[in-house]
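Chemist: Take this structure first; my questions come after.
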Amino acid sequence: MCCTPSLTHESEVGVAKGRPGPLGFYLASGWLLVCVFTAFFGDFFPLPKWDEYDYDNLGLPLFSDGHLLGTDYDGSDVLSGLVHGARTSLGISFTAVFIGSVIGGLLGIVAAYRRGWVDSVVTMYFNVSLAIPTIVLTLVMVALFATPNVDDPSSGWPRELVLIISLTLVIIPILGRLARGSALSWSGRDFVLVAESIGMKKRSILRTHIIPNVLPSMMSVAFLAAGVVIVIEGGLAILGVGANPGASWGSMLAKNRGELAITPHTTLVPAGVIGLTVMALNYFGDYFRLRIDDRESRI
Amino acid sequence: MKYRVALKNLAKAVLVLFLVTFSISILVRWLPGDPIEILMPFATEEGRAALRAELGLDINVVQYYFSWLFDLLRGDFGVWYASTGDGGGVPVRSMLAVALPRSLLIMLYTMVVSIVFAVPLGIFLAYRAETRTDKTISNVLFAVSSIPSFAIGLALAFVVGVQLDLLPVIGYVPFAENPSEHFRSLVMPVVSLSIGLIATFSRLLRVDMIATLREDFVTMASSKGLSNMWILWRHVLRPSSSTLMTSAALQMGALIGGAVVIESVFALNGFGMLLTTAIATRQYLAIQSLVALIAIAYIVFNLIVDVLYAVVDPRVRGGRG
Amino acid sequence: MNSMMSIGNLHVRFATPFGSLEAVRSVDLEIPAGASVGIVGESGSGKTVACRAAMGLLSGSNVQRDGTVVFDGKELTAMTREEVRNEFGTGMAMIFQDPMTALNPVRRIGTQLSESLRLRLGMDKKAALARSAELLSLVRIPDPEAMLKKFPYQLSGGMRQRVMIAIAISCNPKLLFADEPTTALDVTVQAQILQLLSELRRDLKMSMVLITHDLGVVANHTDFVAVMYAGEVVEQATTAELFANMKMPYTQALLNSIPNIEMKSGERLQVIEGRLPNPVDRPKGCGFVTRCSYAQQKCHDEHPPLLDAGNGHLYRCWYPLGHTIARKP
Amino acid sequence: MNKLSRGNHRKVAFVMAMALVASLSQVAPAAAKGDDIVILIGEKDSGWCAQDSPGLDQISAKNAVAETLTIMNEKGKIVPYLAKTVENSADFKTWKFTLREGIYFHDGEELTAATVLANVAANLGLNPLIPASLPAIAWQDGFGGVTSLAQFAAKAQALGKYVVQFNLPAPRPLFNESWYANGRPVIWSTKTLQTKACGTTVGAGTGPFKIRSKGVDQFQTVLEANPNYWRKDAAGKRLPKAATVTYKVVLDAAQRTNALVKGQADIATFGASSGPQLNEMKKNAKLVLFEGRRDTTWSFHMNTTAAPFNSKSARLAFSYAIDREALAKVVAKGNADAAYCFGATYHPYNLSNGGKKKCATFDLAKAKQYVAAYKTETGKDLTVLLPTTESTESAKANQAVCNMLKKAGAACSLMPPVTATAVILRGFALQQQVSWFNVVAGYSPAFADLFSRKTNLELSGFRFTNPGLAACFQTALETNAAAKYQECAAVLHGEAYWVPTYNEGGFIVARNTVTGLGETPLPVGGKRPVVGLSGFDIASVKVSD
């Protein structure tokens with residue numbers, strides 16, 4: 001209470017004051033809800049198909065008849081692209097981050113709590129996979145799994161699935177390291193020692209003391225990671241290993257990048273949508289973190 | 001005691017290096033398609049057998065790995081086979097001699113620029129934490145950091161390069177050839193890569209600095225009558241920089257191979273393009289050597305950061321913390 | 001006697017989402033030149049905030065400070081931040097509670113000590129370091145030259161506190177705030193540090209404000225005492241007068257909560273039951289009412305004003321000690 | 001120490017900032033002026049050796065250094081070039097090339113009959129199954145499939161210092177064209193042939209420019225004028241006009257456009273797939289566009305030895321499903337034509353003469369019908385796998401094709417470039433069902449050759465298993481009769497082995513300061529086309545200040 005620093009405008013109470021206000025929260029979650037809704041029910045919207053080219057309407061500007069957000073220079077409808085892209089981008093990013101944080105989180109927590117050789121092995125795994133570049137990993141994964149056997153062209157795994165797997169592999173060590181660090185600091189706290197001293201089983205200590213405390217910071221970072229994955233996927237699209245051209249927000253950007261000077265809206269609009277989503281995810285993550293901080297402080 | 005810790009870290013680093021290169025050996029072998037067919041589609045039987053032996057396809061992966069490793073340790077990075085050649089090619093080392101310095105410089109400049117801009121920005125945001133200024137800038141930074149670098153690069157090329165006619169839009173000029181052109185040729189690529197990093201770094205720094213600003217020693221410094229700028233730069237920055245350094249080390253490794261898209265846009269033709277081409281054309285030896293270099297870079301930067309931790313925070317030197 | 005600092009009707013409010021939190025309210029305090037004033041109160045009573053507010057160390061969009069603070073003839077409350085900052089170090093200085101957290105862990109003792117000499121007094125680097133060594137010997141640190149090169153974590157708690165005192169007095173301040181300077185230390189070191197402070201105060205002719213929760217410390221090292229409770233000054237007198245003629249049940253409770261050598265074995269230390277009132281939603285009567293064994297209905301209904309018992313002895317109680325009627329069974 | 005390093009940080013930051021400011025404040029550099037020409041090309045390649053597979057952009061650079069015995073003039077006719085005369089017997093079995101005298105390689109060697117024989121010998125044994133070795137196909141086929149020097153010696157001989165004679169086992173009416181083959185079979189000096197790196201990083205030819213430096217990564221090639229060049233301009237003045245030429249590889253078409261508009265380059269080449277950029281540049285008064293004849297046909301061809309395209313129904317379904325008009329628009333934005341039958345209308349294979357199209361064209365109903373027929377035949381759904389390259393255009397075009405197939409009821413997926421590149425490199429798609437292939441060779445006998453060589457048909461990526469077709473093309477090749485070619489082409493299309501999609505020409509865009517493009521006279525009269533099948537001639541090109 002006493003130690004309000006003079007230097008910053010933030011103080012302990014200041015944080016409370018600076019908590020994301022309800023308006024921002026509603027805006028952010030509203031945007032995410034719209035995106036998620038679109039991802040699920042986009043097919044029912046009365047729109048042209050995202051991957052069909054309207055050959056007579058190349059590069060229509062915004063607010064054209066029949067094409068609300070115009071078309072790109074290939075004649076595909078930008079709005080339908082965004083609607084379809086919501087499913088691909090969010091699907092890939094949310095799934096990869098969710099699975100990645102569950103696996104990474106568990107590995108990290110177990111490593112931190114068991115210490116010894118388990119910790120060494122898990123940490124080594126994190127370091128090794130961090131040292132392998134994302135691009136190499138994804139290129140190899142796509143070559144390995146997303147390539148249909150020529151004798152049976154329907155045999156390869158869907159590209160999106162392979163992307164999810166490789167991005168999950170990218171996420172695991174990042175969130176895993178975070179979880180390990182956080183679990184390490186929590187497991188040194190007094191209440192854990194107390195629990196141990198009264199003979200509580202390791203597993204129940206993990207369940208009741210460590211995991212609930214590690215979870216909040218993991219979740220706030222996971223929200224950020226979800227945003228980052230949306231962006232990474234766009235970068236992969238340029239190398240031809242991302243989603244098909246125009247199938248995700250990132251690949252819309254990648255596909256239309258050459259026409260930036262000619263039909264700027266076809267890059268700016270998807271970039272704006274990605275930006276908004278990443279911002280909303282960040283906001284949500286922040287809100288989440290502060291809510292949890294709040295909970296802790298009330299205990 | 002200290003030396004033992006250092007040795008232990010070094011041993012771990014070597015083990016990581018070993019595991020990375022070994023797993024790449026295995027992964028590369030799994031890649032679909034017979035490399036002989038790809039690298040030497042029209043060779044004679046003897047030629048095929050020779051290449052098969054050279055690529056170690058006739059021995060098991062462990063033997064092959066070690067023979068590659070010993071070659072690498074001797075400085076032999078393998079051969080880059082001409083795409084439709086008869087098994088002849090260019091040494092990977094001579095390809096690297098062209099590509100690696102470029103990528104390292106781009107990485108270095110990007111880091112310097114990102115940090116030079118991110119640090120004051122992070123300090124400013126922490127100083128103004130939770131004010132409207134902070135929130136506005138933070139949100140803008142987030143939006144900007146979510147735009148992929150290639151989009152920023154192309155937009156810059158068009159606006160700064162073509163419309164304002166300020167900078168060259170393509171090409172790389174070596175420093176030795178013309179220092180000022182060298183910098184000019186790299187401004188846009190470096191800026192495209194930096195913008196996202198500036199956003200990331202300044203936000204990381206902001207969070208850590210806000211925590212540090214709550215420390216008593218900041219109030220103490222303030223009560224000594226020191227100016228805010230002095231306190232922020234001299235008292236708060238250093239104890240708040242560990243996350244930033246960790247993140248920077250990770251990014252450096254990633255930038256060397258990961259700038260491929262920017263390399264392509266600005267016709268810089270560095271390490272990233274080499275790597276992706278190597279994978280697409282199944283340059284087995286090259287892939288392994290290139291990935292090994294990235295892993296080495298990753299490890300070296302992490303070791304450097306460990307040393308920097310000690311420079312920045314004396315408690316680490318003392319064996320605490 | 002000249003006034004070194006005069007605090008008039010000081011209020012400090014923090015804006016919170018739950019409403020305005022009034023941490024300090026209507027504090028009047030006089031710090032005579034050359035005198036030592038003790039501010040006593042339990043944790044959260046607002047003593048630290050009051051002092052920091054008086055110095056001008058609190059700022060931010062969520063902090064609101066009202067009242068006047070006159071320091072050495074200058075009205076601090078009317079000055080800009082820059083002007084106030086110019087008073088820091090040379091005019092006013094502060095010693096913090098926990099020397100572990102108040103010294104920057106990543107900077108050398110010498111750097112931290114000499115920087116104010118260089119920045120505030122304009123000394124060059126060499127002179128500043130020489131002076132720093134002198135200051136360290138002044139606070140009785142052995143081998144000051146070696147000490148300059150050390151980092152805070154390499155020092156013991158007592159040493160760190162001495163370093164902090166050295167930093168605080170480095171620019172010869174006229175007024176020294178010592179915010180619980182000994183809480184973080186063990187008992188033997190506590191006594192040495194307090195002794196040192198008193199001697200320094202005398203030698204350097206400083207005024208001092210000693211913030212503590214320990215009435216025992218106050219008894220030995222101060223000339224005047226102000227007791228704070230829930231953001232208010234509830235009792236104020238010269239030290240001698242206060243101990244001779246204690247008016248507030250709260251002050252007495254504080255006194256009883258100090259361990260005493262004369263305590264018989266088996267006797268239990270008295271604790272003050274209950275909690276400080278919620279600063280956002282204060283009771284309308286006396287803030288101590290729920291914890292006071294003397295409380296009457298009036299204490300619930302009306303906020304007691306500051307009353308004068310003569311001799312400059314002020315107190316804030318409807319039923320002060322020594323008052324015959326009001327004792328509860 | 002801490003103090004010091006901290007001080008340095010500031011200094012370093014300051015210096016960096018100043019350097020940035022200084023470099024920004026400078027005015028942009030002037031474009032390469034006068035004698036130095038900068039040309040941007042959109043394609044990286046592995047080298048210029050005969051076995052390498054340079055594309056058009058690289059060939060234009062390669063032909064600035066090394067030249068061919070014959071060449072195509074602006075009317076599309078093959079004329080002698082390094083050779084002074086080319087004579088043949090009436091049965092097209094004996095060919096005599098008389099070389100020009102006094103032509104010297106950059107390394108000082110004189111061009112003689114021996115050099116030509118050494119060049120042919122160096123290319124024996126190359127695998128003719130990949131397009132890269134189209135010249136090898138032509139040569140080897142011409143010699144009846146010889147693979148050893150001993151066999152070769154009997155069939156080719158020097159009749160004098162400057163005369164070479166080839167005795168072919170079968171009639172080859174277009175043997176002179178084999179020595180042009182879009183600029184591929186260049187004549188290197190004997191020393192160049194002896195190095196492994198023949199033209200990859202070094203090499204001496206007879207061309208107007210010699211190699212000054214060529215990066216191992218093939219991204220930048222700097223050439224300098226050959227002072228002893230044999231050709232002169234129309235006024236009899238020395239060629240080449242420029243002092244240096246720099247070829248830079250810029251993969252991104254938008255960036256080639258930017259650099260050109262900005263003046264960082266003088267000339268850039270584009271394919272029709274850069275349609276959006278071309279359309280923009282057409283509006284820019286500072287730039288001049290040259291479009292070559294639309295004689296490159298992008299086609300699909302199918303592997304008939306394996307499912308699904310061993311079924312004629314599958315092939316017909318594919319052929320009818322593709323809307324050529326739409327595809328041309330998707331890919332080229334008005335800078336290419338739909339190809340209904342093979343090639344441009346003047347091509348000997350072309351069947352659409354007189355408006356009577358004899359080829360399968362877009363017809364969704366028929367496509368659906370054949371998809372269904374395939375299902376009844378085999379019990380399986382028709383599934384097609386299209387290989388893509390890294391380029392966005394390739395992915396876009398393939399996706400459009402996939403959509404068309406899906407509309408017809410067939411399944412379709414894209415093969416990722418990381419795998420497709422490998423498969424494509426692998427001796428022309430040994431495993432592929434379908435490949436996208438550009439047939440540049442308007443008149444190249446080498447192309448027909450692919451169908452006529454029975455063994456190749458079985459091994460190559462084309463894998464046509466139709467002996468009748470092979471024989472047909474063999475006859476056409478030996479007689480060079482357009483009618484015969486059309487007859488074979490009719491079979492080709494009737495069986496839907498071959499699905500042409502669109503025809504494109506190359507584009508050269510130059511700044512209006514560039515002069516002399518396409519003005520170099522050929523020694524036998526006439527000119528090279530501005531944009532030809534082997535790129536363009538830069539001997540007379542100059543940039544005015």
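Residues in the structure tokens are numbered from 1 in each chain, the chains being A, B, ... in the order shown, and ligands are numbered from 1 in the order shown.
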Which polymer residues have any atom within 12 Å of an atom of A:Trp186, counting only C-alpha atoms, with same-chain residues fewer than 3 positions away left out, as an MDAnalysis selection string?
Modeler: chainID A and resid 109 112:113 179:183 189:193 205:206 208:215 217
Chemist: Based on the selection just made, write N, CA, C and O atoms of those residues as a short mmCIF file (atom, residue, chain, number, x, y, z; two decimals), in the first residue's frame.
Modeler:
```cif
data_model
loop_
_atom_site.label_atom_id
_atom_site.label_comp_id
_atom_site.auth_asym_id
_atom_site.auth_seq_id
_atom_site.Cartn_x
_atom_site.Cartn_y
_atom_site.Cartn_z
N ILE A 109 5.08 -28.63 -16.88
CA ILE A 109 4.74 -28.75 -15.46
C ILE A 109 5.35 -30.01 -14.87
O ILE A 109 5.98 -29.99 -13.81
N ALA A 112 9.04 -29.56 -14.45
CA ALA A 112 9.39 -28.69 -13.34
C ALA A 112 9.16 -29.39 -12.02
O ALA A 112 9.89 -29.19 -11.05
N TYR A 113 8.14 -30.22 -11.98
CA TYR A 113 7.80 -30.80 -10.69
C TYR A 113 8.61 -32.06 -10.40
O TYR A 113 9.02 -32.28 -9.27
N ALA A 179 5.58 -22.79 -19.23
CA ALA A 179 4.92 -23.54 -18.16
C ALA A 179 5.94 -24.06 -17.17
O ALA A 179 5.74 -24.03 -15.95
N ARG A 180 7.07 -24.54 -17.69
CA ARG A 180 8.09 -25.09 -16.82
C ARG A 180 8.61 -24.00 -15.87
O ARG A 180 8.71 -24.20 -14.66
N GLY A 181 8.90 -22.83 -16.45
CA GLY A 181 9.43 -21.75 -15.63
C GLY A 181 8.45 -21.36 -14.55
O GLY A 181 8.80 -21.21 -13.37
N SER A 182 7.19 -21.23 -14.97
CA SER A 182 6.18 -20.81 -14.02
C SER A 182 5.96 -21.87 -12.94
O SER A 182 5.92 -21.56 -11.75
N ALA A 183 5.90 -23.13 -13.37
CA ALA A 183 5.68 -24.21 -12.40
C ALA A 183 6.85 -24.30 -11.43
O ALA A 183 6.69 -24.56 -10.24
N ARG A 189 7.10 -22.41 -3.73
CA ARG A 189 6.38 -21.59 -2.77
C ARG A 189 6.07 -22.36 -1.48
O ARG A 189 5.97 -23.59 -1.49
N ASP A 190 5.86 -21.59 -0.45
CA ASP A 190 5.64 -22.20 0.86
C ASP A 190 4.47 -23.18 0.88
O ASP A 190 4.56 -24.25 1.45
N PHE A 191 3.38 -22.78 0.23
CA PHE A 191 2.20 -23.64 0.38
C PHE A 191 2.41 -25.01 -0.23
O PHE A 191 1.82 -25.99 0.19
N VAL A 192 3.30 -25.08 -1.22
CA VAL A 192 3.61 -26.40 -1.79
C VAL A 192 4.43 -27.20 -0.78
O VAL A 192 4.18 -28.39 -0.57
N LEU A 193 5.38 -26.51 -0.14
CA LEU A 193 6.19 -27.18 0.87
C LEU A 193 5.30 -27.69 2.00
O LEU A 193 5.45 -28.82 2.48
N ILE A 205 -0.86 -32.56 -5.38
CA ILE A 205 -0.25 -31.23 -5.27
C ILE A 205 -0.25 -30.56 -6.63
O ILE A 205 -0.62 -29.40 -6.78
N LEU A 206 0.15 -31.34 -7.64
CA LEU A 206 0.15 -30.80 -9.00
C LEU A 206 -1.23 -30.29 -9.35
O LEU A 206 -1.40 -29.19 -9.88
N THR A 208 -3.89 -29.59 -7.40
CA THR A 208 -4.55 -28.55 -6.61
C THR A 208 -3.73 -27.28 -6.47
O THR A 208 -4.28 -26.21 -6.28
N HIS A 209 -2.40 -27.41 -6.52
CA HIS A 209 -1.60 -26.21 -6.26
C HIS A 209 -0.87 -25.67 -7.47
O HIS A 209 -0.84 -24.47 -7.69
N ILE A 210 -0.26 -26.57 -8.24
CA ILE A 210 0.60 -26.07 -9.33
C ILE A 210 -0.23 -25.67 -10.55
O ILE A 210 -0.18 -24.53 -11.00
N ILE A 211 -1.01 -26.63 -11.06
CA ILE A 211 -1.71 -26.38 -12.32
C ILE A 211 -2.61 -25.14 -12.25
O ILE A 211 -2.54 -24.29 -13.13
N PRO A 212 -3.42 -24.98 -11.22
CA PRO A 212 -4.28 -23.79 -11.20
C PRO A 212 -3.49 -22.49 -11.23
O PRO A 212 -3.98 -21.48 -11.68
N ASN A 213 -2.27 -22.53 -10.71
CA ASN A 213 -1.49 -21.30 -10.70
C ASN A 213 -0.72 -21.07 -11.98
O ASN A 213 -0.44 -19.93 -12.35
N VAL A 214 -0.35 -22.16 -12.66
CA VAL A 214 0.40 -22.01 -13.92
C VAL A 214 -0.56 -21.64 -15.05
O VAL A 214 -0.22 -20.89 -15.96
N LEU A 215 -1.76 -22.17 -14.96
CA LEU A 215 -2.74 -22.01 -16.02
C LEU A 215 -2.95 -20.56 -16.47
O LEU A 215 -2.92 -20.29 -17.67
N SER A 217 -1.12 -17.77 -16.51
CA SER A 217 -0.12 -17.15 -17.36
C SER A 217 -0.02 -17.88 -18.69
O SER A 217 0.16 -17.27 -19.73
#
```
Chemist: Tell me, as a list of chain:residue names, which residues lie within 10 Å of D:Gly275, counting only C-alpha atoms; anything in the same chain fewer than 6 positions away does not count.
Modeler: A:Tyr73, D:Ala253, D:Met281, D:Lys329, D:Val330, D:Val331, D:Ala332, D:Lys333, D:Gly334, D:Asn335, D:Ala336
Chemist: Compile a residue-level contact table for chain C against chain D at a cut-off of 12 Å, reporting for every qualifying residue the shortest atom pair and its distance in Å to one decimal, with only C-alpha atoms counted, rows ordered by chain and ascending number, as a Markdown table.
Modeler:
```
| residue | atom | partner | partner_atom | distance |
| --- | --- | --- | --- | --- |
| C:Val106 | CA | D:Asn2 | CA | 10.6 |
| C:Arg107 | CA | D:Asn2 | CA | 9.3 |
| C:Arg108 | CA | D:Asn2 | CA | 9.8 |
| C:Thr111 | CA | D:Lys3 | CA | 9.5 |
| C:Lys125 | CA | D:Lys3 | CA | 11.5 |
| C:Lys149 | CA | D:Met1 | CA | 11.6 |
```
Chemist: List the neighbours of C:Leu210 out to 8 Å using only C-alpha atoms; skip same-chain residues closer than 4 positions along the sequence, and give me the result as an NGL selection string.
Modeler: :C and (36-39 or 177-180 or 218 or 222)
Chemist: Emit the selected residues as a compact mmCIF listing (two decimals), in the first residue's frame, including C-alpha atoms.
Modeler:
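See out_2.txt below for the written result:
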```txt
# COMPACT_ATOMS: atom_id res chain seq x y z
CA SER C 36 13.39 14.89 15.47
CA VAL C 37 9.75 14.03 14.95
CA GLY C 38 8.39 10.53 15.25
CA ILE C 39 5.35 9.38 13.31
CA PHE C 177 12.75 11.15 6.50
CA ALA C 178 13.56 7.75 7.92
CA ASP C 179 10.81 5.34 6.95
CA GLU C 180 10.99 2.45 9.41
CA VAL C 218 10.21 6.98 19.42
CA THR C 222 12.60 11.83 18.99
```
Chemist: List every residue of stretch 26-111 of chain C that DSSP, applied to the backbone, labels as strand (DSSP E), and write the result as a list in words.
Modeler: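 Reading the DSSP output for stretch 26-111 of chain C, strand (DSSP E) covers Ser26, Val27, Asp28, Leu29, Glu30, Ile31, Pro32, Ser36, Val37, Gly38, Ile39, Val40, Val63, Gln64, Arg65, Asp66, Gly67, Thr68, Val69, Val70, Phe71, Lys74, Glu75, Met92, Ala93, Met94 and Ile95 of chain C.
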Chemist: Would you list the contacts of A:Tyr125 as JSON, numbers by chain, taking every protein, DNA or RNA residue within 10 Å and counting only C-alpha atoms, but skipping same-chain residues closer than 3 positions in sequence?
Modeler: {"A": [119, 120, 121, 122, 128, 129, 130, 131, 172, 173], "B": [16, 19, 20]}
Chemist: Quick one: pull the distance between atom CA of B:Ala53 and atom CA of B:Ala292, Å, one decimal.
Modeler: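 Those two atoms sit 21.6 Å apart.
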Chemist: May I have the residues of chain C within 7 Å of chain B, counting only C-alpha atoms, written as a ChimeraX atom specification?
Modeler: /C:57,85-86,88-89,93-94,101-104,106,116,153
Chemist: Output N, CA, C and O atoms for every residue in that selection, as a compact mmCIF listing (two decimals), in the first residue's frame.
Modeler:
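Below is the file again23.txt, written as the result:
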```
# COMPACT_ATOMS: atom_id res chain seq x y z
N LEU C 57 6.80 12.70 -3.38
CA LEU C 57 7.22 11.49 -4.08
C LEU C 57 6.04 10.73 -4.69
O LEU C 57 6.23 9.77 -5.40
N ARG C 85 11.92 18.44 -7.29
CA ARG C 85 13.01 17.48 -7.40
C ARG C 85 14.34 18.11 -7.00
O ARG C 85 15.22 17.46 -6.47
N ASN C 86 14.45 19.43 -7.27
CA ASN C 86 15.68 20.11 -6.90
C ASN C 86 15.89 20.17 -5.40
O ASN C 86 17.00 20.39 -4.94
N PHE C 88 15.13 17.58 -3.52
CA PHE C 88 15.48 16.23 -3.09
C PHE C 88 16.99 16.10 -2.97
O PHE C 88 17.75 16.63 -3.76
N GLY C 89 17.40 15.38 -1.96
CA GLY C 89 18.82 15.14 -1.80
C GLY C 89 19.49 16.27 -1.02
O GLY C 89 20.03 16.05 0.06
N ALA C 93 15.67 14.26 2.20
CA ALA C 93 16.11 12.95 1.75
C ALA C 93 15.33 11.91 2.51
O ALA C 93 14.73 12.21 3.56
N MET C 94 15.34 10.70 1.99
CA MET C 94 14.56 9.67 2.64
C MET C 94 15.35 8.38 2.76
O MET C 94 16.09 8.00 1.86
N THR C 101 15.49 -3.93 -1.02
CA THR C 101 14.74 -3.53 -2.21
C THR C 101 14.99 -2.09 -2.61
O THR C 101 14.70 -1.71 -3.73
N ALA C 102 15.51 -1.30 -1.68
CA ALA C 102 15.66 0.12 -2.00
C ALA C 102 17.00 0.43 -2.65
O ALA C 102 17.21 1.52 -3.14
N LEU C 103 17.90 -0.54 -2.62
CA LEU C 103 19.13 -0.35 -3.37
C LEU C 103 19.00 -1.10 -4.68
O LEU C 103 18.50 -2.23 -4.71
N ASN C 104 19.45 -0.47 -5.75
CA ASN C 104 19.33 -1.11 -7.06
C ASN C 104 20.25 -2.32 -7.11
O ASN C 104 21.46 -2.19 -6.96
N VAL C 106 21.43 -4.14 -9.41
CA VAL C 106 22.37 -4.35 -10.50
C VAL C 106 23.44 -3.25 -10.60
O VAL C 106 24.23 -3.25 -11.53
N SER C 116 24.34 10.81 -7.02
CA SER C 116 23.66 12.05 -6.61
C SER C 116 24.68 13.16 -6.35
O SER C 116 24.39 14.33 -6.58
N TYR C 153 23.84 -7.10 -3.11
CA TYR C 153 23.59 -8.45 -2.60
C TYR C 153 24.79 -9.00 -1.84
O TYR C 153 24.68 -10.00 -1.15
```
Chemist: For atom CA of A:Asp74 and atom CA of D:Ala339, quote the distance in Å rounded to one decimal.
Modeler: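 Going from atom CA of A:Asp74 over to atom CA of D:Ala339 covers 19.6 Å.
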Chemist: For chain B, which of D:Thr257, D:Thr378, D:Asn350, D:Thr305 is the closest residue, counting only C-alpha atoms?
Modeler: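 Of D:Thr257, D:Thr378, D:Asn350, D:Thr305, the one nearest chain B, counting only C-alpha atoms, is D:Thr257.
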